[in-house]
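This report refers to the structure that appears directly beneath it.
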Amino acid sequence: MTTVAGAEAKTQWENEGWCMLEHLLPAEAVEAAQKGLGREFPSAADFADDRDPARNAPFRADSHSVMPTFPFEHAAFNDLVLHERLIDLAEEFLALTDLRMYQAGLSAKYAGGAESDEQLLHADYGNHTLVVPRADVGYQHLELFVYLSDVTADAATRLVSRRLTRDIPVERTYLSLTDYAELYGAEVPAAGPAGSVLAYRPDVYHRGVRMTAPRSARFMLHVSFKPAGTDWLGSQAWPSAAEDMAWHRFANRATVRQLSALGFPAPGHPYWNNTTLAGVAARYPGLDMTPWRSAAGSSPANGTA
């Protein structure tokens with residue numbers, strides 16, 4: 001298992017609930033993704049000058065109302081959310097190799113944006129799981145913010161150490177300003193340059209804030225991983241996009257590791273036989289099926305369905 005964060009960062013994630021990993025991703029991969037931002041969102045200058053009021057309007061009402069999701073039309077976003085270093089990080093923090101990416105989205109926020117950008121402290125497990133978090137290996141899940149722009153303190157997500165919130169009842173996923181004023185006073189901004197990754201646990205209390213720096217914007221990818229087989233955890237489902245051209249462009253050039261992280265049957269899985277190998281090869285003519293054929297060739301269950 002590859003180490004990309006290190007023991008100190010993992011310990012902070014486990015105990016504090018979050019850690020900031022600066023420059024985790026290669027600059028060229030981040031720059032390639034940045035080139036696709038203009039087709040999805042207004043620039044900071046265009047928003048500030050209101051050059052296209054209709055395009056700007058959703059971000060003044062609710063910054064989450066325009067949030068493209070995987071698979072993205074711009075291939076570099078797909079490459080980034082399933083980058084080797086992100087999968088390595090997920091395996092390192094979750095201490096497992098059989099993982100699934102269960103969320104991937106792209107967001108923008110602007111100075112002068114929606115009032116709802118100023119959030120209450122909350123824990124994400126409220127809408128990521130049907131039950132409550134369990135902290136041991138095999139049950140944890142990992143959330144990541146991948147910064148596509150420099151994120152200064154005024155724009156950064158605020159987080160509160162888990163050490164300060166252990167006594168909060170597990171069913172209380174939102175914290176009021178009046179009842180928990182001391183925690184709002186203890187929050188820390190997760191600032192970092194483009195290419196950095198904020199890793200946090202679903203049980204850490206955090207919140208977004210309205211941006212104050214004039215003519216500024218924040219762009220980032222939201223990526224989440226979980227252990228395979230945890231059906232009670234989730235956010236998005238990938239099969240619903242399987243007929244989209246964005247998916248086909250991605251799948252035809254994806255690696256075995258990337259596809260496996262999406263729930264695509266891994267080489268050697270009992271799903272694979274002569275019929276399914278031929279069918280998937282026909283559906284994705286650009287995908288190198290060698291790893292799946294090689295593993296199926298050594299399997300005793302390589303008949304037809």
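Convention: chains lettered A, B, ... in structure tokens order; per-chain residue numbering from 1; ligands numbered from 1 as shown.
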List every residue of stretch 136-202 of chain A that has an atom at most 10 Å from any atom of stretch 98-114 of chain A, giving for each one its closest atom pair and the distance in Å to one decimal, counting only C-alpha atoms, sorted by chain and then by ascending residue number, as JSON lines.
{"residue": "A:Gly138", "atom": "CA", "partner": "A:Leu99", "partner_atom": "CA", "distance": 9.6}
{"residue": "A:His141", "atom": "CA", "partner": "A:Leu99", "partner_atom": "CA", "distance": 9.6}
{"residue": "A:Leu142", "atom": "CA", "partner": "A:Met101", "partner_atom": "CA", "distance": 9.5}
{"residue": "A:Glu143", "atom": "CA", "partner": "A:Gln103", "partner_atom": "CA", "distance": 8.8}
{"residue": "A:Leu144", "atom": "CA", "partner": "A:Ala104", "partner_atom": "CA", "distance": 9.4}
{"residue": "A:Phe145", "atom": "CA", "partner": "A:Leu106", "partner_atom": "CA", "distance": 9.6}
{"residue": "A:Val146", "atom": "CA", "partner": "A:Leu106", "partner_atom": "CA", "distance": 9.3}
{"residue": "A:Leu148", "atom": "CA", "partner": "A:Leu106", "partner_atom": "CA", "distance": 9.7}
{"residue": "A:Asp154", "atom": "CA", "partner": "A:Ala111", "partner_atom": "CA", "distance": 9.9}
{"residue": "A:Ala155", "atom": "CA", "partner": "A:Lys109", "partner_atom": "CA", "distance": 8.6}
- Taking the backbone alone, and naming residues the way the document does, which bits of stretch 52-179 of chain A are alpha helix (DSSP H) by DSSP, as a list in words? Pro53, Ala54, Arg55, Asn56, Ala57, Pro58, Phe59, Arg60, Ala61, Ala75, Ala76, Phe77, Asn78, Asp79, Leu80, Val81, Glu84, Arg85, Leu86, Ile87, Asp88, Leu89, Ala90, Glu91, Glu92, Phe93 and Leu94 of chain A
- Item | Selection: 10 Å around A:Leu89, only C-alpha atoms, excl. self and same-chain fewer than 6 positions, as a PyMOL selection string | chain A and resi 1-6+10+24+83+95+142+144+199+225
- Mind the document's chain letters and residue numbers, and return as a ChimeraX atom specification the residues of stretch 135-303 of chain A that DSSP labels strand (DSSP E or B). /A:142-147,151,158-159,174-175,188-189,192,197-200,206-207,217-227,233
- Message: If we count only C-alpha atoms and set the cut-off at 10 Å, which residues sit around A:Val132, ignoring sequence neighbours fewer than 6 positions away in its own chain? Please answer as a list in words.
- Response: Tyr125, Gly126, Val170, Glu171, Pro202, Asp203, Trp232 and Leu233 of chain A
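Interatomic distance, atom CA of A:His222 against atom CA of A:Phe59: 17.3 Å.
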Polymer residues at most 6 Å from A:Gln258, only C-alpha atoms, same-chain spacing of 3 or more positions, as an mmCIF file with N, CA, C and O atoms, in the first residue's frame:
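Dumped to out.cif:
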data_model
loop_
_atom_site.group_PDB
_atom_site.id
_atom_site.type_symbol
_atom_site.label_atom_id
_atom_site.label_comp_id
_atom_site.auth_asym_id
_atom_site.auth_seq_id
_atom_site.Cartn_x
_atom_site.Cartn_y
_atom_site.Cartn_z
ATOM 1 N N LEU A 82 -10.119 10.493 -9.964
ATOM 2 C CA LEU A 82 -9.630 9.111 -9.856
ATOM 3 C C LEU A 82 -8.124 9.049 -10.085
ATOM 4 O O LEU A 82 -7.599 8.049 -10.582
ATOM 5 N N THR A 255 -8.087 3.062 -16.370
ATOM 6 C CA THR A 255 -7.266 1.960 -15.897
ATOM 7 C C THR A 255 -8.127 0.964 -15.121
ATOM 8 O O THR A 255 -9.252 1.276 -14.703
ATOM 9 N N ALA A 261 -12.502 1.112 -8.730
ATOM 10 C CA ALA A 261 -12.931 2.056 -7.696
ATOM 11 C C ALA A 261 -14.358 2.532 -7.905
ATOM 12 O O ALA A 261 -14.965 3.092 -6.989
#
With a distance cut-off of 12 Å and only C-alpha atoms, select the neighbouring residues of A:Lys35, excluding the residue or stretch itself and same-chain residues fewer than 2 positions from it, and output the selection as a PDB file with N, CA and C atoms, in the first residue's frame.
ATOM      1  N   GLU A  28       0.627  19.630 -13.252  1.00  0.00           N
ATOM      2  CA  GLU A  28       0.120  19.501 -14.622  1.00  0.00           C
ATOM      3  C   GLU A  28      -1.294  18.931 -14.639  1.00  0.00           C
ATOM      4  N   ALA A  29      -1.627  18.040 -13.698  1.00  0.00           N
ATOM      5  CA  ALA A  29      -2.979  17.489 -13.636  1.00  0.00           C
ATOM      6  C   ALA A  29      -3.973  18.548 -13.172  1.00  0.00           C
ATOM      7  N   VAL A  30      -3.556  19.383 -12.234  1.00  0.00           N
ATOM      8  CA  VAL A  30      -4.413  20.464 -11.741  1.00  0.00           C
ATOM      9  C   VAL A  30      -4.624  21.504 -12.831  1.00  0.00           C
ATOM     10  N   GLU A  31      -3.558  21.862 -13.529  1.00  0.00           N
ATOM     11  CA  GLU A  31      -3.666  22.859 -14.601  1.00  0.00           C
ATOM     12  C   GLU A  31      -4.583  22.364 -15.718  1.00  0.00           C
ATOM     13  N   ALA A  32      -4.508  21.076 -16.041  1.00  0.00           N
ATOM     14  CA  ALA A  32      -5.389  20.522 -17.074  1.00  0.00           C
ATOM     15  C   ALA A  32      -6.849  20.630 -16.652  1.00  0.00           C
ATOM     16  N   ALA A  33      -7.122  20.391 -15.377  1.00  0.00           N
ATOM     17  CA  ALA A  33      -8.490  20.520 -14.877  1.00  0.00           C
ATOM     18  C   ALA A  33      -8.938  21.978 -14.878  1.00  0.00           C
ATOM     19  N   LEU A  37     -12.648  24.832 -16.303  1.00  0.00           N
ATOM     20  CA  LEU A  37     -13.548  25.561 -15.410  1.00  0.00           C
ATOM     21  C   LEU A  37     -14.423  26.560 -16.153  1.00  0.00           C
ATOM     22  N   GLY A  38     -13.865  27.179 -17.187  1.00  0.00           N
ATOM     23  CA  GLY A  38     -14.607  28.209 -17.909  1.00  0.00           C
ATOM     24  C   GLY A  38     -15.861  27.701 -18.594  1.00  0.00           C
ATOM     25  N   ARG A  39     -15.880  26.441 -18.982  1.00  0.00           N
ATOM     26  CA  ARG A  39     -17.076  25.900 -19.641  1.00  0.00           C
ATOM     27  C   ARG A  39     -18.169  25.568 -18.638  1.00  0.00           C
ATOM     28  N   GLU A  40     -17.804  25.477 -17.363  1.00  0.00           N
ATOM     29  CA  GLU A  40     -18.763  25.108 -16.324  1.00  0.00           C
ATOM     30  C   GLU A  40     -19.259  26.301 -15.511  1.00  0.00           C
ATOM     31  N   PHE A  41     -18.365  27.274 -15.277  1.00  0.00           N
ATOM     32  CA  PHE A  41     -18.667  28.347 -14.332  1.00  0.00           C
ATOM     33  C   PHE A  41     -18.203  29.705 -14.862  1.00  0.00           C
ATOM     34  N   SER A  43     -16.043  33.105 -14.541  1.00  0.00           N
ATOM     35  CA  SER A  43     -14.787  33.428 -13.855  1.00  0.00           C
ATOM     36  C   SER A  43     -15.084  34.393 -12.714  1.00  0.00           C
ATOM     37  N   HIS A  74     -15.397  17.411 -19.304  1.00  0.00           N
ATOM     38  CA  HIS A  74     -13.975  17.748 -19.406  1.00  0.00           C
ATOM     39  C   HIS A  74     -13.173  16.609 -18.792  1.00  0.00           C
ATOM     40  N   ALA A  75     -12.431  15.876 -19.621  1.00  0.00           N
ATOM     41  CA  ALA A  75     -11.797  14.631 -19.185  1.00  0.00           C
ATOM     42  C   ALA A  75     -10.824  14.831 -18.033  1.00  0.00           C
ATOM     43  N   ALA A  76     -10.207  16.005 -17.938  1.00  0.00           N
ATOM     44  CA  ALA A  76      -9.217  16.218 -16.886  1.00  0.00           C
ATOM     45  C   ALA A  76      -9.832  16.184 -15.494  1.00  0.00           C
ATOM     46  N   PHE A  77     -11.110  16.524 -15.364  1.00  0.00           N
ATOM     47  CA  PHE A  77     -11.783  16.390 -14.063  1.00  0.00           C
ATOM     48  C   PHE A  77     -11.894  14.909 -13.681  1.00  0.00           C
ATOM     49  N   LEU A 148      -8.959  23.493  -6.781  1.00  0.00           N
ATOM     50  CA  LEU A 148      -8.579  23.873  -8.147  1.00  0.00           C
ATOM     51  C   LEU A 148      -8.190  25.342  -8.234  1.00  0.00           C
ATOM     52  N   SER A 149      -8.309  26.051  -7.131  1.00  0.00           N
ATOM     53  CA  SER A 149      -7.846  27.439  -7.040  1.00  0.00           C
ATOM     54  C   SER A 149      -7.209  27.597  -5.671  1.00  0.00           C
ATOM     55  N   PHE A 219     -12.911  27.353  -6.533  1.00  0.00           N
ATOM     56  CA  PHE A 219     -13.312  26.211  -7.341  1.00  0.00           C
ATOM     57  C   PHE A 219     -12.690  24.949  -6.752  1.00  0.00           C
TER      58      PHE A 219
END
- Message: I'd like to know which of A:Arg253, A:His269, A:His248, A:His64 is closest to A:Gly208, using only C-alpha atoms.
- Response: A:His64
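Nearest to A:Leu130 of all the residues A:Gly234, A:Ala281, A:Ala251, A:Ile87 is A:Gly234, based on only C-alpha atoms.
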- Message: Could you tell me how far atom CA of A:Gly195 sits from atom CA of A:Ala27, in Å to one decimal place?
- Response: 6.6 Å
